[in-house]
>>> print(open('protein24.cif').read())   # mmCIF, C-alpha atoms
data_protein
loop_
_atom_site.label_atom_id
_atom_site.label_comp_id
_atom_site.auth_asym_id
_atom_site.auth_seq_id
_atom_site.Cartn_x
_atom_site.Cartn_y
_atom_site.Cartn_z
CA THR A 103 0.00 0.00 0.00
CA VAL A 104 2.81 2.42 0.84
CA ALA A 105 4.63 1.74 -2.45
CA TRP A 106 1.37 2.13 -4.38
CA ALA A 107 0.64 5.42 -2.60
CA TYR A 108 4.06 6.88 -3.41
CA GLY A 109 3.65 5.77 -7.01
CA THR A 110 0.22 7.36 -7.22
CA LEU A 111 1.11 10.65 -5.51
CA GLN A 112 4.43 11.21 -7.34
CA VAL A 113 5.65 13.81 -4.82
CA LYS A 114 8.40 15.87 -6.43
CA GLY A 115 11.63 16.64 -4.61
CA LEU A 116 11.14 13.86 -2.06
CA ASP A 117 13.99 11.42 -1.43
CA ILE A 118 12.17 8.11 -1.55
CA SER A 119 15.26 5.88 -1.70
CA PRO A 120 15.40 5.04 2.05
CA ILE A 121 11.72 4.14 2.36
CA PHE A 122 11.69 2.05 -0.81
CA LYS A 123 14.85 0.24 0.27
CA LEU A 124 13.12 -0.65 3.52
CA ILE A 125 9.91 -1.66 1.73
CA GLY A 126 11.92 -3.88 -0.57
CA GLN A 127 13.70 -5.61 2.30
CA LEU A 128 10.50 -6.22 4.23
CA SER A 129 8.66 -7.39 1.12
CA LEU A 130 11.29 -10.01 0.34
CA VAL A 131 10.78 -11.58 3.76
CA HIS A 132 6.99 -11.70 3.44
CA LEU A 133 6.71 -12.30 -0.31
CA PRO A 134 4.87 -15.67 -0.05
CA THR A 135 2.10 -14.03 2.00
CA PHE A 136 1.27 -11.34 -0.56
CA LYS A 137 -2.09 -11.58 -2.30
CA PRO A 138 -2.00 -11.19 -6.11
CA LEU A 139 -3.31 -7.61 -6.09
CA GLU A 140 -0.94 -6.62 -3.29
CA LEU A 141 2.07 -7.99 -5.15
CA THR A 142 0.94 -6.35 -8.37
CA ASN A 143 0.54 -2.98 -6.65
CA LEU A 144 3.90 -3.36 -4.95
CA LEU A 145 5.79 -3.86 -8.21
CA TRP A 146 3.74 -1.16 -9.93
CA GLY A 147 4.69 1.30 -7.17
CA PHE A 148 8.40 0.51 -7.48
CA ALA A 149 8.26 0.84 -11.27
CA LYS A 150 6.23 4.05 -11.17
CA VAL A 151 8.77 5.89 -9.00
CA LYS A 152 11.71 4.34 -10.88
CA ALA A 153 12.97 2.51 -7.79
CA ALA A 154 13.98 -0.69 -9.54
CA ASP A 155 14.93 -3.19 -6.82
CA ALA A 156 16.53 -6.01 -8.80
CA GLN A 157 16.45 -8.48 -5.92
CA LEU A 158 12.78 -7.81 -5.20
CA PHE A 159 11.76 -8.05 -8.86
CA GLN A 160 13.69 -11.27 -9.37
CA ALA A 161 12.13 -12.91 -6.32
CA ALA A 162 8.67 -11.59 -7.16
CA THR A 163 8.93 -12.72 -10.78
CA LYS A 164 9.90 -16.23 -9.68
CA HIS A 165 6.98 -16.29 -7.25
CA ILE A 166 4.53 -15.05 -9.91
CA ALA A 167 5.76 -17.49 -12.55
CA ALA A 168 5.15 -20.43 -10.22
CA ASP A 169 1.38 -19.98 -10.59
CA LEU A 170 -0.33 -17.34 -12.73
CA THR A 171 -3.83 -18.62 -11.99
CA PRO A 172 -4.62 -16.38 -8.97
CA PHE A 173 -3.71 -13.20 -10.87
CA SER A 174 -6.56 -11.39 -12.62
CA SER A 175 -6.28 -10.20 -16.20
CA SER A 176 -5.82 -6.68 -14.86
CA ASN A 177 -3.01 -7.92 -12.59
CA LEU A 178 -1.28 -9.66 -15.49
CA SER A 179 -1.23 -6.63 -17.78
CA THR A 180 -0.06 -4.39 -14.93
CA LEU A 181 2.73 -6.82 -14.08
CA VAL A 182 4.00 -6.75 -17.66
CA TRP A 183 3.95 -2.94 -17.57
CA ALA A 184 5.77 -2.85 -14.22
CA MET A 185 8.46 -5.38 -15.12
CA VAL A 186 9.26 -3.70 -18.42
CA THR A 187 9.10 -0.16 -17.00
CA ALA A 188 11.51 -1.15 -14.23
CA GLN A 189 13.72 -2.92 -16.80
CA GLN A 190 13.56 -5.98 -14.57
CA HIS A 191 11.95 -8.53 -16.84
CA GLU A 192 12.74 -12.01 -18.05
CA ALA A 193 11.59 -12.51 -21.62
CA SER A 194 10.25 -16.03 -21.07
CA ILE A 195 8.15 -14.97 -18.09
CA VAL A 196 6.72 -11.87 -19.79
CA GLN A 197 5.81 -14.09 -22.75
CA ARG A 198 4.07 -16.55 -20.42
CA VAL A 199 2.13 -13.76 -18.74
CA ALA A 200 1.07 -12.42 -22.14
CA GLU A 201 -0.07 -15.87 -23.25
CA GLU A 202 -2.05 -16.37 -20.04
CA PHE A 203 -3.67 -12.95 -20.48
CA SER A 204 -4.66 -13.60 -24.09
CA SER A 205 -5.99 -17.09 -23.33
CA ARG A 206 -8.55 -15.56 -20.97
CA LEU A 207 -9.84 -12.92 -23.37
CA PRO A 208 -12.70 -14.97 -24.87
CA ASN A 209 -14.27 -15.24 -21.40
CA ALA A 210 -12.90 -12.24 -19.51
CA GLU A 211 -14.03 -8.65 -19.21
CA VAL A 212 -11.11 -6.34 -19.80
CA LYS A 213 -10.64 -2.61 -20.17
CA PRO A 214 -8.75 -0.85 -22.97
CA VAL A 215 -6.01 0.25 -20.56
CA GLU A 216 -5.25 -3.40 -19.78
CA LEU A 217 -4.79 -4.24 -23.45
CA THR A 218 -2.68 -1.11 -23.87
CA ASN A 219 -0.42 -1.88 -20.90
CA LEU A 220 0.22 -5.41 -22.14
CA MET A 221 0.98 -4.34 -25.70
CA TRP A 222 3.16 -1.43 -24.58
CA GLY A 223 5.22 -3.77 -22.42
CA LEU A 224 5.73 -6.30 -25.20
CA ALA A 225 6.58 -3.63 -27.78
CA THR A 226 8.88 -1.63 -25.52
CA ALA A 227 10.81 -4.75 -24.55
CA LYS A 228 10.73 -5.89 -28.21
CA LEU A 229 9.31 -9.24 -27.20
CA HIS A 230 7.45 -10.85 -30.08
CA PRO A 231 4.63 -13.00 -28.70
CA LYS A 232 2.99 -15.89 -30.47
CA ALA A 233 0.65 -14.95 -33.31
CA ASN A 234 -2.41 -16.06 -31.35
CA VAL A 235 -1.59 -13.57 -28.58
CA LEU A 236 -1.57 -10.67 -31.02
CA TYR A 237 -4.70 -12.00 -32.73
CA GLU A 238 -6.67 -12.26 -29.48
CA VAL A 239 -5.49 -8.91 -28.08
CA GLY A 240 -6.10 -7.13 -31.38
CA GLY A 241 -9.54 -8.69 -31.71
CA GLN A 242 -10.49 -7.59 -28.22
CA ALA A 243 -9.20 -4.10 -28.91
CA LEU A 244 -11.38 -3.97 -32.00
CA GLU A 245 -14.45 -4.91 -29.97
CA LEU A 246 -13.70 -2.22 -27.37
CA LEU A 247 -12.58 0.41 -29.88
CA HIS A 248 -15.21 2.97 -28.91
CA ASP A 249 -14.13 2.77 -25.26
CA PHE A 250 -10.49 3.66 -25.99
CA LYS A 251 -9.11 7.02 -24.99
CA LEU A 252 -6.77 8.69 -27.49
CA GLN A 253 -3.68 7.82 -25.44
CA GLU A 254 -4.68 4.16 -25.22
CA LEU A 255 -5.50 3.93 -28.92
CA SER A 256 -2.27 5.60 -30.03
CA ILE A 257 -0.10 3.38 -27.81
CA THR A 258 -1.90 0.21 -28.90
CA CYS A 259 -1.48 1.06 -32.59
CA TRP A 260 2.16 2.00 -31.99
CA SER A 261 2.77 -1.29 -30.21
CA PHE A 262 1.42 -3.47 -33.00
CA SER A 263 3.49 -1.62 -35.58
CA ARG A 264 6.64 -1.69 -33.44
CA LEU A 265 6.27 -5.46 -33.22
CA HIS A 266 5.87 -5.58 -37.04
CA ALA A 267 2.43 -7.09 -36.52
CA ARG A 268 0.11 -6.29 -39.40
CA TYR A 269 -3.54 -6.29 -38.31
CA ASP A 270 -5.79 -4.96 -41.07
CA ARG A 271 -9.14 -5.16 -39.26
CA LEU A 272 -7.83 -3.42 -36.18
CA PHE A 273 -6.17 -0.59 -38.09
CA ALA A 274 -9.12 -0.14 -40.44
CA GLY A 275 -11.40 0.15 -37.43
CA ALA A 276 -9.03 2.42 -35.52
CA ALA A 277 -8.52 4.73 -38.49
CA LEU A 278 -12.25 4.95 -39.20
CA HIS A 279 -13.08 5.62 -35.55
CA LEU A 280 -10.37 8.25 -35.33
CA SER A 281 -11.69 9.96 -38.45
CA THR A 282 -15.22 10.25 -37.10
CA SER A 283 -14.78 10.72 -33.36
CA ARG A 284 -14.83 14.34 -32.27
CA THR A 285 -13.86 13.26 -28.75
CA LEU A 286 -10.66 11.54 -29.91
CA LEU A 287 -9.69 14.46 -32.12
CA GLN A 288 -10.15 16.82 -29.17
CA GLN A 289 -7.85 14.60 -27.08
CA ILE A 290 -5.05 14.55 -29.66
CA HIS A 291 -1.64 15.61 -28.39
CA PRO A 292 1.88 15.62 -29.86
CA GLN A 293 2.95 12.18 -28.67
CA GLY A 294 -0.37 10.62 -29.65
CA MET A 295 -0.18 12.22 -33.08
CA ALA A 296 3.37 10.94 -33.59
CA ASN A 297 2.47 7.43 -32.41
CA LEU A 298 -0.55 7.18 -34.69
CA LEU A 299 1.03 8.53 -37.86
CA TRP A 300 4.15 6.41 -37.34
CA ALA A 301 2.03 3.31 -36.71
CA PHE A 302 -0.15 3.96 -39.76
CA GLU A 303 2.89 4.39 -42.00
CA LYS A 304 4.40 1.12 -40.78
CA GLN A 305 1.16 -0.78 -41.40
CA MET A 306 0.99 0.57 -44.95
CA ALA A 307 4.63 -0.39 -45.50
CA MET A 308 3.69 -3.94 -44.49
CA GLY A 309 1.07 -4.02 -47.25
CA SER A 310 -2.01 -3.31 -45.13
CA MET A 311 -5.39 -3.65 -46.81
CA ALA A 312 -6.65 -0.79 -44.61
CA THR A 313 -5.02 1.80 -46.86
CA GLU A 314 -8.25 3.64 -47.64
CA GLN A 315 -9.25 4.03 -43.99
CA ILE A 316 -5.73 5.02 -42.96
CA ALA A 317 -5.51 7.62 -45.73
CA THR A 318 -8.82 9.12 -44.59
CA ALA A 319 -7.57 9.32 -41.00
CA VAL A 320 -4.34 10.99 -42.08
CA VAL A 321 -6.27 13.64 -44.02
CA VAL A 322 -8.30 14.36 -40.89
CA LEU A 323 -5.21 14.46 -38.67
CA ILE A 324 -3.03 16.76 -40.80
CA PRO A 325 -4.83 20.05 -39.94
CA ARG A 326 -4.63 19.18 -36.23
CA CYS A 327 -0.99 18.23 -36.68
CA LEU A 328 -0.21 21.72 -38.01
CA THR A 329 -1.73 23.32 -34.91
CA LEU A 330 0.54 21.17 -32.72
CA LEU A 331 3.68 21.95 -34.72
CA LYS A 332 5.29 24.22 -32.12
CA GLN A 333 4.69 21.68 -29.37
CA LEU A 334 6.40 18.78 -31.11
CA LYS A 335 9.60 17.39 -29.62
CA PRO A 336 12.37 16.48 -32.10
CA GLN A 337 11.56 12.75 -31.92
CA GLU A 338 7.84 13.38 -32.43
CA PHE A 339 8.62 15.68 -35.36
CA ALA A 340 10.78 12.95 -36.93
CA CYS A 341 8.01 10.37 -36.53
CA ILE A 342 5.49 12.60 -38.28
CA PHE A 343 7.63 14.08 -41.03
#
>>> encode(input="protein24.cif", output="structure tokens")
Amino acid sequence: TVAWAYGTLQVKGLDISPIFKLIGQLSLVHLPTFKPLELTNLLWGFAKVKAADAQLFQAATKHIAADLTPFSSSNLSTLVWAMVTAQQHEASIVQRVAEEFSSRLPNAEVKPVELTNLMWGLATAKLHPKANVLYEVGGQALELLHDFKLQELSITCWSFSRLHARYDRLFAGAALHLSTSRTLLQQIHPQGMANLLWAFEKQMAMGSMATEQIATAVVVLIPRCLTLLKQLKPQEFACIF
């Protein structure tokens, strides 16, 4: 709870090293007694404040890998995010978590942020999951498309393209929704713009059959892109132009 609170509050200028060192030491001793949500929140808190405790993450990862069953789908996606953010991840275990997450999708209720966190983790770590994982996650994203916030949609599209995963139905749906949703267009920001345009370009380069929908979305995005021009960071500018 303490680690989660620090991660949530993000108090600037506060030296958190001593308290997180103590939390890490105490957590190692009591690790087997943690409930799935408690362990998930613990690792999330450490990752969020950039207090990567290698010993804690290694022990926690081993404990988690022993039995994924008690962890909810939300827990699983958050764990992938935390392990990758903290740069304390084992490829084989992240892949197992992703496979477990995707296997539950036909019968589980998930939120867009959970799909986004999982895909971001895989893409950032450059871990290419099995094709069925991408198929299931992409299919679920397509079903929930109208529930996605702009940030979630842009990261999800970016993740598929970064993993060189062509998904025509998902990108056709995403591009069409983006073209017609006033809410999404109002939420657009420099990083989201860069992620989307970069992701669209990569899909087209892979021979996507969603070319028409993507082209329509790009036409809609360009005027908004020009209004954001002065806010673009060099990397975002490079992605767009």
>>> residues_around(input="protein24.cif", residues="Ser176 (chain A)", least_positions_apart="6", cutoff="10 Å", atoms="all atoms listed in the file", output="mmCIF file with C-alpha atoms, in the coordinates of the input")
data_model
loop_
_atom_site.group_PDB
_atom_site.id
_atom_site.type_symbol
_atom_site.label_atom_id
_atom_site.label_comp_id
_atom_site.auth_asym_id
_atom_site.auth_seq_id
_atom_site.Cartn_x
_atom_site.Cartn_y
_atom_site.Cartn_z
ATOM 1 C CA LEU A 139 -3.310 -7.610 -6.090
ATOM 2 C CA THR A 142 0.940 -6.350 -8.370
ATOM 3 C CA PHE A 203 -3.670 -12.950 -20.480
ATOM 4 C CA GLU A 211 -14.030 -8.650 -19.210
ATOM 5 C CA VAL A 212 -11.110 -6.340 -19.800
ATOM 6 C CA LYS A 213 -10.640 -2.610 -20.170
ATOM 7 C CA VAL A 215 -6.010 0.250 -20.560
ATOM 8 C CA GLU A 216 -5.250 -3.400 -19.780
ATOM 9 C CA LEU A 217 -4.790 -4.240 -23.450
ATOM 10 C CA ASN A 219 -0.420 -1.880 -20.900
ATOM 11 C CA LEU A 220 0.220 -5.410 -22.140
#
>>> closest_residue(input="protein24.cif", among="A:Asn143, A:Thr329, A:Gln189, A:Gln337", to="His291 (chain A)", atoms="only C-alpha atoms")
A:Thr329
>>> resolve_selection(input="protein24.cif", expression="the PyMOL selection byres ((chain A and resi 233) around 12)", output="PyMOL selection string")
chain A and resi 197+200-201+204+230-232+234-240+262+265-269
>>> atom_distance(input="protein24.cif", atom1="CA of Ile290 (chain A)", atom2="CA of Gln253 (chain A)")
8.1 Å
>>> atom_distance(input="protein24.cif", atom1="CA of Lys335 (chain A)", atom2="CA of Pro214 (chain A)")
26.7 Å
>>> residues_around(input="protein24.cif", residues="Ala156 (chain A)", least_positions_apart="6", cutoff="12 Å", atoms="all atoms listed in the file", output="PyMOL selection string")
chain A and resi 123+126-127+130+145+148-149+162-163+185+188-192
>>> atom_distance(input="protein24.cif", atom1="CA of Ser205 (chain A)", atom2="CA of Trp300 (chain A)")
29.2 Å
>>> closest_residue(input="protein24.cif", among="A:Val151, A:Leu141, A:Met311, A:Ile324", to="Leu181 (chain A)", atoms="all atoms listed in the file")
A:Leu141
>>> closest_residue(input="protein24.cif", among="A:Thr282, A:Gln305, A:Gln333, A:Ser194", to="Ala227 (chain A)", atoms="only C-alpha atoms")
A:Ser194
>>> closest_residue(input="protein24.cif", among="A:Arg284, A:Gly147, A:Ala277, A:Leu298", to="Thr258 (chain A)", atoms="only C-alpha atoms")
A:Leu298
>>> closest_residue(input="protein24.cif", among="A:Gln315, A:Ser129, A:Gln242, A:Ser119", to="Ala161 (chain A)", atoms="all atoms listed in the file")
A:Ser129
>>> axis_aligned_box(input="protein24.cif", around="region 254-262 of chain A", padding_each_side="5 Å", output="JSON")
{"center_x": -1.4, "center_y": 1.1, "center_z": -29.1, "size_x": 18.3, "size_y": 19.1, "size_z": 17.8}
>>> resolve_selection(input="protein24.cif", expression="the PyMOL selection byres ((chain A and resi 326) around 10)", output="PDB file with C-alpha atoms, in the coordinates of the input")
ATOM      1  CA  LEU A 287      -9.690  14.460 -32.120  1.00  0.00           C
ATOM      2  CA  GLN A 288     -10.150  16.820 -29.170  1.00  0.00           C
ATOM      3  CA  ILE A 290      -5.050  14.550 -29.660  1.00  0.00           C
ATOM      4  CA  HIS A 291      -1.640  15.610 -28.390  1.00  0.00           C
ATOM      5  CA  PRO A 292       1.880  15.620 -29.860  1.00  0.00           C
ATOM      6  CA  MET A 295      -0.180  12.220 -33.080  1.00  0.00           C
ATOM      7  CA  VAL A 321      -6.270  13.640 -44.020  1.00  0.00           C
ATOM      8  CA  VAL A 322      -8.300  14.360 -40.890  1.00  0.00           C
ATOM      9  CA  LEU A 323      -5.210  14.460 -38.670  1.00  0.00           C
ATOM     10  CA  ILE A 324      -3.030  16.760 -40.800  1.00  0.00           C
ATOM     11  CA  PRO A 325      -4.830  20.050 -39.940  1.00  0.00           C
ATOM     12  CA  CYS A 327      -0.990  18.230 -36.680  1.00  0.00           C
ATOM     13  CA  LEU A 328      -0.210  21.720 -38.010  1.00  0.00           C
ATOM     14  CA  THR A 329      -1.730  23.320 -34.910  1.00  0.00           C
ATOM     15  CA  LEU A 330       0.540  21.170 -32.720  1.00  0.00           C
ATOM     16  CA  LEU A 331       3.680  21.950 -34.720  1.00  0.00           C
TER      17      LEU A 331
END
>>> closest_residue(input="protein24.cif", among="A:Thr318, A:Gln289, A:Ser281, A:Ser261", to="Trp222 (chain A)", atoms="all atoms listed in the file")
A:Ser261
>>> build_atoms(input="protein24.cif", residues="region 292-310 of chain A", atoms="N, CA and C atoms", output="CSV table (one decimal), in the frame of the given file")
chain,number,residue,atom,x,y,z
A,292,PRO,N,0.7,15.9,-29.0
A,292,PRO,CA,1.9,15.6,-29.9
A,292,PRO,C,2.3,14.2,-29.9
A,293,GLN,N,2.5,13.6,-28.7
A,293,GLN,CA,3.0,12.2,-28.7
A,293,GLN,C,1.9,11.2,-29.3
A,294,GLY,N,0.7,11.5,-29.0
A,294,GLY,CA,-0.4,10.6,-29.6
A,294,GLY,C,-0.4,10.7,-31.2
A,295,MET,N,-0.2,12.0,-31.6
A,295,MET,CA,-0.2,12.2,-33.1
A,295,MET,C,1.0,11.5,-33.7
A,296,ALA,N,2.2,11.6,-33.1
A,296,ALA,CA,3.4,10.9,-33.6
A,296,ALA,C,3.2,9.4,-33.6
A,297,ASN,N,2.7,8.9,-32.5
A,297,ASN,CA,2.5,7.4,-32.4
A,297,ASN,C,1.5,6.9,-33.5
A,298,LEU,N,0.4,7.6,-33.7
A,298,LEU,CA,-0.6,7.2,-34.7
A,298,LEU,C,0.0,7.2,-36.1
A,299,LEU,N,0.6,8.4,-36.5
A,299,LEU,CA,1.0,8.5,-37.9
A,299,LEU,C,2.2,7.6,-38.2
A,300,TRP,N,3.1,7.4,-37.2
A,300,TRP,CA,4.2,6.4,-37.3
A,300,TRP,C,3.6,5.0,-37.5
A,301,ALA,N,2.6,4.7,-36.7
A,301,ALA,CA,2.0,3.3,-36.7
A,301,ALA,C,1.3,3.1,-38.0
A,302,PHE,N,0.6,4.1,-38.5
A,302,PHE,CA,-0.2,4.0,-39.8
A,302,PHE,C,0.8,3.7,-40.9
A,303,GLU,N,1.9,4.5,-40.9
A,303,GLU,CA,2.9,4.4,-42.0
A,303,GLU,C,3.5,3.0,-42.0
A,304,LYS,N,3.8,2.4,-40.8
A,304,LYS,CA,4.4,1.1,-40.8
A,304,LYS,C,3.4,0.0,-41.3
A,305,GLN,N,2.2,0.2,-40.9
A,305,GLN,CA,1.2,-0.8,-41.4
A,305,GLN,C,1.1,-0.8,-42.9
A,306,MET,N,1.1,0.4,-43.5
A,306,MET,CA,1.0,0.6,-45.0
A,306,MET,C,2.2,0.0,-45.6
A,307,ALA,N,3.4,0.2,-45.0
A,307,ALA,CA,4.6,-0.4,-45.5
A,307,ALA,C,4.6,-1.9,-45.5
A,308,MET,N,3.8,-2.5,-44.6
A,308,MET,CA,3.7,-3.9,-44.5
A,308,MET,C,2.6,-4.5,-45.4
A,309,GLY,N,2.0,-3.6,-46.3
A,309,GLY,CA,1.1,-4.0,-47.2
A,309,GLY,C,-0.4,-4.1,-46.7
A,310,SER,N,-0.7,-3.3,-45.7
A,310,SER,CA,-2.0,-3.3,-45.1
A,310,SER,C,-3.1,-3.1,-46.2
